[in-house]
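Student: The structure is given below, and queries will be raised subsequently.
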Amino acid sequence: MTSVPPAADQKLNGDAPWDDFDPGVYISHNYLEMQAVDEEILSHVRDHFSDHFRGRGRVASGIDVGAGPNLYPALAMLPWCDRITLLERSARNLDYLRGQCPDYAPHWDQFWNVLCKDEAYAMLDMTPRVRFKEAVQQPESGSLFDLCADRRRWDLGTMFFVAESITTSLAEFRRGVGCFMNVLNSGAPFAAAFMEHSEGYRVGSHTFPASDIDESEVRAVLGGYADHVEIHRTANPKQLVRDGYTGMILACGQRKERRDE
């Protein structure tokens, strides 16, 4: 389990300049060309969702929490959801997402091609762009922490590099994971990805905080909410996308039975 930094050294979610987050810079560094680690993560997510839903058909709704300028979590939900909510706090990221809903950029096709290695994606009943336009609702402005009081429930959920990448506070990290799990129905499959031992990161001219977490922390915080959790850790030094972290942790599982249902 990771240690807690002194309160005086913490940078909380509310302290970060989220509206200055530059999606163009972030995309050019991370997503214009698919990184090997994203291909590996996306393959695990694809298989997790396909294994869960095989033979069950489409579910009602999915949510990608803290979507940012990243469409591949939503693409991974396309065969399984009639509606997909993209929740995002940053004004510039929201503008980016709104611009992608009518017709997303060509560089996202390489991510869809990875998903199409599974028949459920390859045999989608319409083109992914048409399906994306129909399923993805207008991106919704909101913080991860807003979900703690949200009475809505989703049948499928993703959260990629969010709870640990918005604060140095382990308390906020744990609360954020709880907020994400709070809005999933009983038995809902989910995929959540985390940066391991991140020291924070820079996007353009701005720096953003991160929590120093590891696999044991992820297992512990999910333990109260999830069943059948599988952890996939990627830590190949040649696959690191930036300095200041040691690897990525992907957790796939199902929401435990909720007592309020």
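Order determines the names: the first chain of the structure tokens is A, the second B, and so forth; residues in each chain are numbered 1 upward, and ligands are numbered 1 upward as they are shown.
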Find the spatial neighbours of region 196-212 of chain A, counting only C-alpha atoms, within a cut-off of 6 Å - ignore same-chain residues fewer than 5 positions away - and output them as a PDB file with C-alpha atoms, in the first residue's frame.

Tutor:
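File selection16.pdb, as written:
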ATOM      1  CA  GLU A 164      -5.321   8.876  -9.711  1.00  0.00           C
ATOM      2  CA  SER A 165      -4.576  11.631 -12.260  1.00  0.00           C
ATOM      3  CA  ILE A 166      -6.525  14.514 -10.718  1.00  0.00           C
ATOM      4  CA  THR A 167      -5.103  14.815  -7.197  1.00  0.00           C
ATOM      5  CA  THR A 168      -2.122  13.918  -5.014  1.00  0.00           C
ATOM      6  CA  GLY A 244       7.411  10.171 -14.005  1.00  0.00           C
ATOM      7  CA  TYR A 245       5.529   6.883 -13.637  1.00  0.00           C
ATOM      8  CA  THR A 246       6.395   3.176 -13.601  1.00  0.00           C
ATOM      9  CA  GLY A 247       3.592   1.467 -15.513  1.00  0.00           C
ATOM     10  CA  MET A 248      -0.154   1.166 -16.032  1.00  0.00           C
TER      11      MET A 248
END

Student: Could you give me, as a PyMOL selection string, the residues within 9 Å of Phe145 (chain A), counting only C-alpha atoms and dropping anything in the same chain fewer than 5 positions from it?

Tutor: chain A and resi 172+175-176+179-180

Student: Pull N, CA and C atoms from the residues just selected and write them as a compact mmCIF listing (two decimals), in the first residue's frame.

Tutor:
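Generated output (out.txt):
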# COMPACT_ATOMS: atom_id res chain seq x y z
N GLU A 172 -8.75 11.54 -1.77
CA GLU A 172 -9.55 11.91 -2.94
C GLU A 172 -9.54 10.81 -3.99
N ARG A 175 -11.97 8.20 -2.78
CA ARG A 175 -13.33 8.71 -2.92
C ARG A 175 -13.76 8.72 -4.39
N GLY A 176 -12.84 9.09 -5.27
CA GLY A 176 -13.15 9.12 -6.70
C GLY A 176 -13.50 7.75 -7.24
N CYS A 179 -16.93 6.96 -6.12
CA CYS A 179 -17.95 7.69 -6.88
C CYS A 179 -18.23 7.00 -8.22
N PHE A 180 -17.18 6.53 -8.87
CA PHE A 180 -17.35 5.80 -10.13
C PHE A 180 -18.17 4.53 -9.91

Student: I want to know what sits within 12 Å of Arg151 (chain A), based on only C-alpha atoms, with residues of the same chain fewer than 5 positions away left out; could you give that as a tab-separated table (two decimals) with all heavy atoms, in the first residue's frame?

Tutor:
chain	number	residue	atom	x	y	z
A	146	ASP	N	-19.00	14.56	-8.67
A	146	ASP	CA	-20.43	14.80	-8.77
A	146	ASP	C	-21.22	13.50	-8.74
A	146	ASP	O	-22.40	13.48	-8.35
A	146	ASP	CB	-20.77	15.56	-10.06
A	146	ASP	CG	-20.20	16.97	-10.09
A	146	ASP	OD1	-19.93	17.52	-9.00
A	146	ASP	OD2	-20.01	17.51	-11.19
A	179	CYS	N	-16.93	6.96	-6.12
A	179	CYS	CA	-17.95	7.69	-6.88
A	179	CYS	C	-18.23	7.00	-8.22
A	179	CYS	O	-19.39	6.91	-8.65
A	179	CYS	CB	-17.50	9.12	-7.12
A	179	CYS	SG	-17.51	10.18	-5.66
A	182	ASN	N	-20.16	3.91	-7.59
A	182	ASN	CA	-21.48	4.25	-7.06
A	182	ASN	C	-22.56	4.27	-8.13
A	182	ASN	O	-23.73	4.01	-7.84
A	182	ASN	CB	-21.42	5.62	-6.38
A	182	ASN	CG	-22.78	6.11	-5.89
A	182	ASN	OD1	-23.37	5.52	-5.01
A	182	ASN	ND2	-23.27	7.20	-6.48
A	183	VAL	N	-22.19	4.59	-9.38
A	183	VAL	CA	-23.22	4.76	-10.41
A	183	VAL	C	-23.40	3.53	-11.29
A	183	VAL	O	-24.12	3.58	-12.28
A	183	VAL	CB	-22.92	5.99	-11.30
A	183	VAL	CG1	-22.98	7.26	-10.48
A	183	VAL	CG2	-21.57	5.86	-12.00
A	184	LEU	N	-22.77	2.42	-10.91
A	184	LEU	CA	-22.93	1.18	-11.68
A	184	LEU	C	-23.99	0.28	-11.04
A	184	LEU	O	-24.04	0.13	-9.83
A	184	LEU	CB	-21.60	0.43	-11.76
A	184	LEU	CG	-20.44	1.16	-12.44
A	184	LEU	CD1	-19.20	0.28	-12.44
A	184	LEU	CD2	-20.80	1.61	-13.84
A	185	ASN	N	-24.82	-0.30	-11.88
A	185	ASN	CA	-25.81	-1.25	-11.40
A	185	ASN	C	-25.14	-2.53	-10.92
A	185	ASN	O	-24.00	-2.85	-11.29
A	185	ASN	CB	-26.79	-1.60	-12.53
A	185	ASN	CG	-27.86	-0.54	-12.71
A	185	ASN	OD1	-28.37	0.01	-11.74
A	185	ASN	ND2	-28.18	-0.25	-13.97
A	260	ASP	N	-28.80	-1.03	-2.15
A	260	ASP	CA	-29.90	-0.08	-2.34
A	260	ASP	C	-30.81	-0.47	-3.49
A	260	ASP	O	-31.66	0.29	-3.91
A	260	ASP	CB	-29.37	1.33	-2.55
A	260	ASP	CG	-28.41	1.44	-3.74
A	260	ASP	OD1	-28.02	0.39	-4.29
A	260	ASP	OD2	-28.05	2.58	-4.11
A	261	GLU	N	-30.61	-1.66	-4.05
A	261	GLU	CA	-31.45	-2.08	-5.17
A	261	GLU	C	-32.47	-3.13	-4.70
A	261	GLU	O	-32.25	-3.86	-3.74
A	261	GLU	CB	-30.58	-2.67	-6.29
A	261	GLU	CG	-29.70	-1.63	-6.96
A	261	GLU	CD	-28.86	-2.22	-8.09
A	261	GLU	OE1	-28.79	-3.45	-8.22
A	261	GLU	OE2	-28.28	-1.42	-8.84

Student: Here is a test: counting only C-alpha atoms, which residue of A:Gly14, A:Pro189, A:Gly55, A:Pro69 is nearest to Leu94 (chain A)?

Tutor: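 Of A:Gly14, A:Pro189, A:Gly55, A:Pro69, the one nearest Leu94 (chain A), counting only C-alpha atoms, is A:Pro69.
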
Student: Taking the DSSP assignment computed from this structure's backbone, write out as an NGL selection string all residues of region 53-185 of chain A that belong to strand (DSSP E or B).

Tutor: :A and (59-65 or 81-88 or 136 or 140-141 or 154 or 156-160 or 184)

Student: Could the residues in this selection be written to a file with N, CA, C and O atoms, as an mmCIF file, in the first residue's frame?

Tutor:
data_model
loop_
_atom_site.group_PDB
_atom_site.id
_atom_site.type_symbol
_atom_site.label_atom_id
_atom_site.label_comp_id
_atom_site.auth_asym_id
_atom_site.auth_seq_id
_atom_site.Cartn_x
_atom_site.Cartn_y
_atom_site.Cartn_z
ATOM 1 N N VAL A 59 -27.085 -3.936 -23.796
ATOM 2 C CA VAL A 59 -27.623 -3.392 -22.550
ATOM 3 C C VAL A 59 -28.071 -1.956 -22.790
ATOM 4 O O VAL A 59 -27.918 -1.420 -23.880
ATOM 5 N N ALA A 60 -28.620 -1.334 -21.767
ATOM 6 C CA ALA A 60 -29.237 -0.022 -21.958
ATOM 7 C C ALA A 60 -28.235 1.116 -22.037
ATOM 8 O O ALA A 60 -28.284 1.948 -22.934
ATOM 9 N N SER A 61 -27.298 1.195 -21.089
ATOM 10 C CA SER A 61 -26.527 2.426 -20.991
ATOM 11 C C SER A 61 -25.118 2.181 -20.461
ATOM 12 O O SER A 61 -24.880 1.296 -19.644
ATOM 13 N N GLY A 62 -24.199 3.012 -20.936
ATOM 14 C CA GLY A 62 -22.830 2.979 -20.458
ATOM 15 C C GLY A 62 -22.350 4.375 -20.146
ATOM 16 O O GLY A 62 -22.912 5.369 -20.618
ATOM 17 N N ILE A 63 -21.289 4.481 -19.336
ATOM 18 C CA ILE A 63 -20.717 5.774 -19.001
ATOM 19 C C ILE A 63 -19.201 5.677 -19.031
ATOM 20 O O ILE A 63 -18.613 4.693 -18.559
ATOM 21 N N ASP A 64 -18.574 6.692 -19.624
ATOM 22 C CA ASP A 64 -17.128 6.858 -19.541
ATOM 23 C C ASP A 64 -16.875 8.082 -18.678
ATOM 24 O O ASP A 64 -17.220 9.205 -19.051
ATOM 25 N N VAL A 65 -16.277 7.862 -17.524
ATOM 26 C CA VAL A 65 -16.095 8.916 -16.530
ATOM 27 C C VAL A 65 -14.744 9.599 -16.733
ATOM 28 O O VAL A 65 -13.711 8.942 -16.793
ATOM 29 N N CYS A 81 -24.083 -0.978 -25.857
ATOM 30 C CA CYS A 81 -24.873 0.110 -25.258
ATOM 31 C C CYS A 81 -25.742 0.816 -26.279
ATOM 32 O O CYS A 81 -25.275 1.173 -27.371
ATOM 33 N N ASP A 82 -26.993 1.067 -25.915
ATOM 34 C CA ASP A 82 -27.850 1.939 -26.710
ATOM 35 C C ASP A 82 -27.497 3.402 -26.492
ATOM 36 O O ASP A 82 -27.656 4.226 -27.386
ATOM 37 N N ARG A 83 -27.018 3.711 -25.265
ATOM 38 C CA ARG A 83 -26.668 5.087 -24.922
ATOM 39 C C ARG A 83 -25.345 5.080 -24.159
ATOM 40 O O ARG A 83 -25.120 4.233 -23.290
ATOM 41 N N ILE A 84 -24.495 6.029 -24.492
ATOM 42 C CA ILE A 84 -23.206 6.171 -23.806
ATOM 43 C C ILE A 84 -23.065 7.623 -23.359
ATOM 44 O O ILE A 84 -23.179 8.543 -24.171
ATOM 45 N N THR A 85 -22.829 7.817 -22.069
ATOM 46 C CA THR A 85 -22.614 9.150 -21.514
ATOM 47 C C THR A 85 -21.118 9.388 -21.364
ATOM 48 O O THR A 85 -20.407 8.563 -20.788
ATOM 49 N N LEU A 86 -20.645 10.503 -21.892
ATOM 50 C CA LEU A 86 -19.263 10.935 -21.700
ATOM 51 C C LEU A 86 -19.271 12.061 -20.674
ATOM 52 O O LEU A 86 -19.811 13.143 -20.931
ATOM 53 N N LEU A 87 -18.711 11.812 -19.502
ATOM 54 C CA LEU A 87 -18.659 12.811 -18.439
ATOM 55 C C LEU A 87 -17.274 13.431 -18.416
ATOM 56 O O LEU A 87 -16.265 12.726 -18.344
ATOM 57 N N GLU A 88 -17.219 14.766 -18.451
ATOM 58 C CA GLU A 88 -15.935 15.459 -18.512
ATOM 59 C C GLU A 88 -16.043 16.820 -17.851
ATOM 60 O O GLU A 88 -17.038 17.526 -18.006
ATOM 61 N N VAL A 136 -23.650 7.892 -28.524
ATOM 62 C CA VAL A 136 -22.984 8.832 -27.631
ATOM 63 C C VAL A 136 -23.833 10.083 -27.476
ATOM 64 O O VAL A 136 -24.057 10.824 -28.425
ATOM 65 N N GLU A 140 -21.359 15.366 -21.310
ATOM 66 C CA GLU A 140 -21.956 15.980 -20.127
ATOM 67 C C GLU A 140 -20.877 16.624 -19.261
ATOM 68 O O GLU A 140 -19.877 15.996 -18.929
ATOM 69 N N SER A 141 -21.095 17.871 -18.899
ATOM 70 C CA SER A 141 -20.154 18.582 -18.041
ATOM 71 C C SER A 141 -20.334 18.136 -16.601
ATOM 72 O O SER A 141 -21.439 18.148 -16.068
ATOM 73 N N TRP A 154 -25.819 3.186 -14.341
ATOM 74 C CA TRP A 154 -25.431 2.712 -15.667
ATOM 75 C C TRP A 154 -25.129 1.216 -15.620
ATOM 76 O O TRP A 154 -24.761 0.664 -14.582
ATOM 77 N N LEU A 156 -22.839 -0.343 -17.621
ATOM 78 C CA LEU A 156 -21.480 -0.599 -18.075
ATOM 79 C C LEU A 156 -20.683 0.668 -17.822
ATOM 80 O O LEU A 156 -21.206 1.776 -18.005
ATOM 81 N N GLY A 157 -19.424 0.553 -17.380
ATOM 82 C CA GLY A 157 -18.665 1.752 -17.066
ATOM 83 C C GLY A 157 -17.185 1.624 -17.362
ATOM 84 O O GLY A 157 -16.598 0.546 -17.258
ATOM 85 N N THR A 158 -16.590 2.753 -17.743
ATOM 86 C CA THR A 158 -15.143 2.846 -17.927
ATOM 87 C C THR A 158 -14.641 4.108 -17.239
ATOM 88 O O THR A 158 -15.355 5.112 -17.151
ATOM 89 N N MET A 159 -13.411 4.043 -16.779
ATOM 90 C CA MET A 159 -12.748 5.211 -16.190
ATOM 91 C C MET A 159 -11.245 5.035 -16.425
ATOM 92 O O MET A 159 -10.605 4.215 -15.782
ATOM 93 N N PHE A 160 -10.709 5.805 -17.346
ATOM 94 C CA PHE A 160 -9.329 5.613 -17.772
ATOM 95 C C PHE A 160 -8.458 6.784 -17.334
ATOM 96 O O PHE A 160 -8.647 7.920 -17.790
ATOM 97 N N LEU A 184 -22.770 2.416 -10.909
ATOM 98 C CA LEU A 184 -22.932 1.183 -11.684
ATOM 99 C C LEU A 184 -23.988 0.285 -11.045
ATOM 100 O O LEU A 184 -24.041 0.131 -9.832
#

Student: Between CA of Arg98 (chain A) and CA of Gln138 (chain A), what distance in Å does the model show, to one decimal?

Tutor: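 CA of Gln138 (chain A) lies at a distance of 6.8 Å from CA of Arg98 (chain A).
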
Student: Using only C-alpha atoms, find the one residue out of A:Tyr26, A:Trp80, A:Trp108, A:Phe53 that sits nearest to Gly187 (chain A).

Tutor: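 Among the listed residues, the smallest separation from Gly187 (chain A) belongs to A:Phe53.
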
Student: My list of candidates is A:Ala191, A:Val45, A:Val177, A:Ile27. Which is closest to Ala163 (chain A) when distances are computed with only C-alpha atoms?

Tutor: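 Ranked by minimum distance to Ala163 (chain A), first place goes to A:Val177.
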
Student: Between CA of Cys101 (chain A) and CA of Pro139 (chain A), what distance in Å does the model show, to one decimal?

Tutor: 8.6 Å

Student: Nearest to Ser28 (chain A) among A:Ser50, A:Ser43, A:Asn70, A:Asn113, with distances taken over only C-alpha atoms: which residue is it?

Tutor: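 When distances to Ser28 (chain A) are compared using only C-alpha atoms, the smallest one comes from A:Asn70.
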
Student: Could you tell me, as a VMD selection string, which residues of region 100-191 of chain A DSSP assigns to alpha helix (DSSP H) when given the backbone?

Tutor: chain A and resid 100 109 to 115 119 to 122 128 to 135 170 to 182

Student: Report, in Å with one decimal, the straight-line distance from CA of Cys252 (chain A) to CA of Arg219 (chain A).

Tutor: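 CA of Cys252 (chain A) sits 10.8 Å away from CA of Arg219 (chain A).
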
Student: Here is a test: counting only C-alpha atoms, which residue of A:Leu144, A:Ile249, A:Leu170, A:Leu78 is nearest to Met126 (chain A)?

Tutor: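 The closest residue to Met126 (chain A) is A:Leu78.
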
Student: If you count only C-alpha atoms, which residues fall within 10 Å of Lys133 (chain A), apart from same-chain ones fewer than 6 positions away, as a ChimeraX atom specification?

Tutor: /A:100-104

Student: Residues near Leu222 (chain A), anyone? I mean within 9 Å using only C-alpha atoms, not counting same-chain ones fewer than 2 positions away, as a list in words.

Tutor: Arg174, Val177, Gly178, Met181, Glu217, Val218, Arg219, Ala220, Gly224, Tyr225, Ala226, Asp227, Val229 and Ala251 of chain A

Student: Go ahead and dump the residues you just picked, all heavy atoms, as a CSV table (one decimal), in the first residue's frame.

Tutor:
chain,number,residue,atom,x,y,z
A,174,ARG,N,-9.3,7.6,-3.4
A,174,ARG,CA,-10.3,6.5,-3.0
A,174,ARG,C,-11.7,6.9,-3.1
A,174,ARG,O,-12.6,6.2,-3.5
A,174,ARG,CB,-9.9,6.1,-1.6
A,174,ARG,CG,-8.5,5.5,-1.4
A,174,ARG,CD,-8.0,5.5,0.0
A,174,ARG,NE,-6.7,4.9,0.1
A,174,ARG,CZ,-5.9,5.0,1.1
A,174,ARG,NH1,-6.3,5.8,2.2
A,174,ARG,NH2,-4.7,4.5,1.1
A,177,VAL,N,-12.7,6.7,-6.9
A,177,VAL,CA,-13.1,5.4,-7.3
A,177,VAL,C,-14.4,5.0,-6.8
A,177,VAL,O,-15.3,4.4,-7.5
A,177,VAL,CB,-12.0,4.4,-6.8
A,177,VAL,CG1,-12.4,2.9,-7.1
A,177,VAL,CG2,-10.7,4.7,-7.5
A,178,GLY,N,-14.7,5.3,-5.5
A,178,GLY,CA,-16.0,5.0,-5.0
A,178,GLY,C,-17.2,5.7,-5.7
A,178,GLY,O,-18.2,5.1,-5.9
A,181,MET,N,-17.8,3.8,-8.9
A,181,MET,CA,-18.5,2.5,-8.7
A,181,MET,C,-19.9,2.7,-8.2
A,181,MET,O,-20.8,1.9,-8.4
A,181,MET,CB,-17.7,1.7,-7.6
A,181,MET,CG,-16.3,1.3,-8.0
A,181,MET,SD,-16.2,0.3,-9.6
A,181,MET,CE,-17.1,-1.2,-9.1
A,217,GLU,N,-3.0,-0.9,-3.9
A,217,GLU,CA,-3.9,0.2,-3.6
A,217,GLU,C,-5.2,0.0,-4.4
A,217,GLU,O,-6.3,0.2,-4.0
A,217,GLU,CB,-3.3,1.5,-3.8
A,217,GLU,CG,-4.2,2.7,-3.6
A,217,GLU,CD,-4.6,2.9,-2.1
A,217,GLU,OE1,-3.7,2.7,-1.2
A,217,GLU,OE2,-5.8,3.1,-1.8
A,218,VAL,N,-5.0,-0.3,-5.7
A,218,VAL,CA,-6.1,-0.5,-6.6
A,218,VAL,C,-7.0,-1.7,-6.1
A,218,VAL,O,-8.2,-1.6,-6.1
A,218,VAL,CB,-5.6,-0.7,-8.1
A,218,VAL,CG1,-6.8,-1.1,-9.0
A,218,VAL,CG2,-5.0,0.6,-8.6
A,219,ARG,N,-6.4,-2.8,-5.8
A,219,ARG,CA,-7.1,-3.9,-5.3
A,219,ARG,C,-7.9,-3.6,-4.0
A,219,ARG,O,-9.1,-4.0,-3.9
A,219,ARG,CB,-6.2,-5.1,-5.0
A,219,ARG,CG,-5.7,-5.8,-6.3
A,219,ARG,CD,-4.9,-7.0,-6.0
A,219,ARG,NE,-4.4,-7.7,-7.1
A,219,ARG,CZ,-5.1,-8.5,-7.9
A,219,ARG,NH1,-6.4,-8.7,-7.7
A,219,ARG,NH2,-4.5,-9.1,-9.0
A,220,ALA,N,-7.2,-2.9,-3.2
A,220,ALA,CA,-7.9,-2.5,-1.9
A,220,ALA,C,-9.1,-1.6,-2.1
A,220,ALA,O,-10.1,-1.9,-1.5
A,220,ALA,CB,-6.9,-1.9,-1.0
A,224,GLY,N,-14.2,-3.2,-1.9
A,224,GLY,CA,-15.5,-3.0,-1.3
A,224,GLY,C,-16.6,-2.9,-2.3
A,224,GLY,O,-17.8,-2.9,-1.9
A,225,TYR,N,-16.3,-2.8,-3.6
A,225,TYR,CA,-17.3,-2.5,-4.6
A,225,TYR,C,-17.4,-3.6,-5.7
A,225,TYR,O,-18.5,-3.6,-6.4
A,225,TYR,CB,-17.0,-1.2,-5.3
A,225,TYR,CG,-16.9,0.0,-4.4
A,225,TYR,CD1,-15.6,0.5,-4.0
A,225,TYR,CD2,-18.0,0.7,-4.0
A,225,TYR,CE1,-15.5,1.6,-3.2
A,225,TYR,CE2,-17.9,1.9,-3.2
A,225,TYR,CZ,-16.6,2.3,-2.8
A,225,TYR,OH,-16.5,3.4,-2.0
A,226,ALA,N,-16.4,-4.4,-5.9
A,226,ALA,CA,-16.3,-5.2,-7.1
A,226,ALA,C,-16.1,-6.6,-6.8
A,226,ALA,O,-15.4,-7.0,-5.8
A,226,ALA,CB,-15.2,-4.6,-8.0
A,227,ASP,N,-16.6,-7.5,-7.7
A,227,ASP,CA,-16.3,-8.9,-7.7
A,227,ASP,C,-15.5,-9.3,-9.0
A,227,ASP,O,-15.6,-8.5,-10.0
A,227,ASP,CB,-17.6,-9.7,-7.7
A,227,ASP,CG,-18.4,-9.7,-6.4
A,227,ASP,OD1,-17.7,-9.6,-5.4
A,227,ASP,OD2,-19.6,-9.7,-6.4
A,229,VAL,N,-12.5,-9.3,-9.9
A,229,VAL,CA,-11.6,-8.3,-10.4
A,229,VAL,C,-10.3,-9.0,-10.9
A,229,VAL,O,-9.7,-9.8,-10.3
A,229,VAL,CB,-11.2,-7.3,-9.3
A,229,VAL,CG1,-10.2,-6.3,-9.9
A,229,VAL,CG2,-12.4,-6.5,-8.9
A,251,ALA,N,-7.8,-2.6,-14.3
A,251,ALA,CA,-8.7,-3.4,-13.5
A,251,ALA,C,-10.0,-3.7,-14.2
A,251,ALA,O,-10.7,-2.7,-14.6
A,251,ALA,CB,-9.0,-2.8,-12.1

Student: Which one of A:Val130, A:Gly253, A:Cys148, A:Asn236 sits closest to Asp51 (chain A) if you count only C-alpha atoms?

Tutor: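 Looking at the shortest contact to Asp51 (chain A), the residue is A:Gly253.
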
Student: Find the spatial neighbours of Trp112 (chain A), counting only C-alpha atoms, within a cut-off of 10 Å - ignore same-chain residues fewer than 6 positions away - and output them as number ranges by chain.

Tutor: A: 42, 71-72, 75-76, 121-122, 128

Student: Write the residues you've just listed into a file as a PDB file, in the first residue's frame, and include N, CA, C and O atoms for each of them.

Tutor:
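selection.pdb, freshly written:
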ATOM      1  N   LEU A  42      -6.488  -2.045 -24.515  1.00  0.00           N
ATOM      2  CA  LEU A  42      -7.747  -2.113 -25.246  1.00  0.00           C
ATOM      3  C   LEU A  42      -8.121  -3.559 -25.562  1.00  0.00           C
ATOM      4  O   LEU A  42      -9.308  -3.919 -25.536  1.00  0.00           O
ATOM      5  N   LEU A  71     -11.262   8.653 -27.032  1.00  0.00           N
ATOM      6  CA  LEU A  71     -12.497   8.007 -27.469  1.00  0.00           C
ATOM      7  C   LEU A  71     -12.474   6.497 -27.341  1.00  0.00           C
ATOM      8  O   LEU A  71     -13.518   5.850 -27.458  1.00  0.00           O
ATOM      9  N   TYR A  72     -11.312   5.880 -27.100  1.00  0.00           N
ATOM     10  CA  TYR A  72     -11.312   4.427 -27.193  1.00  0.00           C
ATOM     11  C   TYR A  72     -12.101   3.722 -26.089  1.00  0.00           C
ATOM     12  O   TYR A  72     -12.654   2.641 -26.341  1.00  0.00           O
ATOM     13  N   LEU A  75     -15.533   3.696 -27.645  1.00  0.00           N
ATOM     14  CA  LEU A  75     -15.570   2.749 -28.760  1.00  0.00           C
ATOM     15  C   LEU A  75     -15.686   1.319 -28.253  1.00  0.00           C
ATOM     16  O   LEU A  75     -16.381   0.494 -28.849  1.00  0.00           O
ATOM     17  N   ALA A  76     -15.033   1.025 -27.129  1.00  0.00           N
ATOM     18  CA  ALA A  76     -15.086  -0.321 -26.570  1.00  0.00           C
ATOM     19  C   ALA A  76     -16.481  -0.684 -26.073  1.00  0.00           C
ATOM     20  O   ALA A  76     -16.796  -1.875 -25.923  1.00  0.00           O
ATOM     21  N   TYR A 121     -17.491  -6.844 -32.385  1.00  0.00           N
ATOM     22  CA  TYR A 121     -17.170  -5.525 -32.913  1.00  0.00           C
ATOM     23  C   TYR A 121     -17.136  -5.543 -34.441  1.00  0.00           C
ATOM     24  O   TYR A 121     -17.670  -4.638 -35.098  1.00  0.00           O
ATOM     25  N   ALA A 122     -16.525  -6.580 -34.992  1.00  0.00           N
ATOM     26  CA  ALA A 122     -16.405  -6.672 -36.441  1.00  0.00           C
ATOM     27  C   ALA A 122     -17.761  -6.787 -37.118  1.00  0.00           C
ATOM     28  O   ALA A 122     -17.942  -6.318 -38.247  1.00  0.00           O
ATOM     29  N   PRO A 128     -19.038   1.980 -37.355  1.00  0.00           N
ATOM     30  CA  PRO A 128     -18.803   2.493 -35.998  1.00  0.00           C
ATOM     31  C   PRO A 128     -19.084   3.985 -35.872  1.00  0.00           C
ATOM     32  O   PRO A 128     -19.529   4.435 -34.816  1.00  0.00           O
TER      33      PRO A 128
END
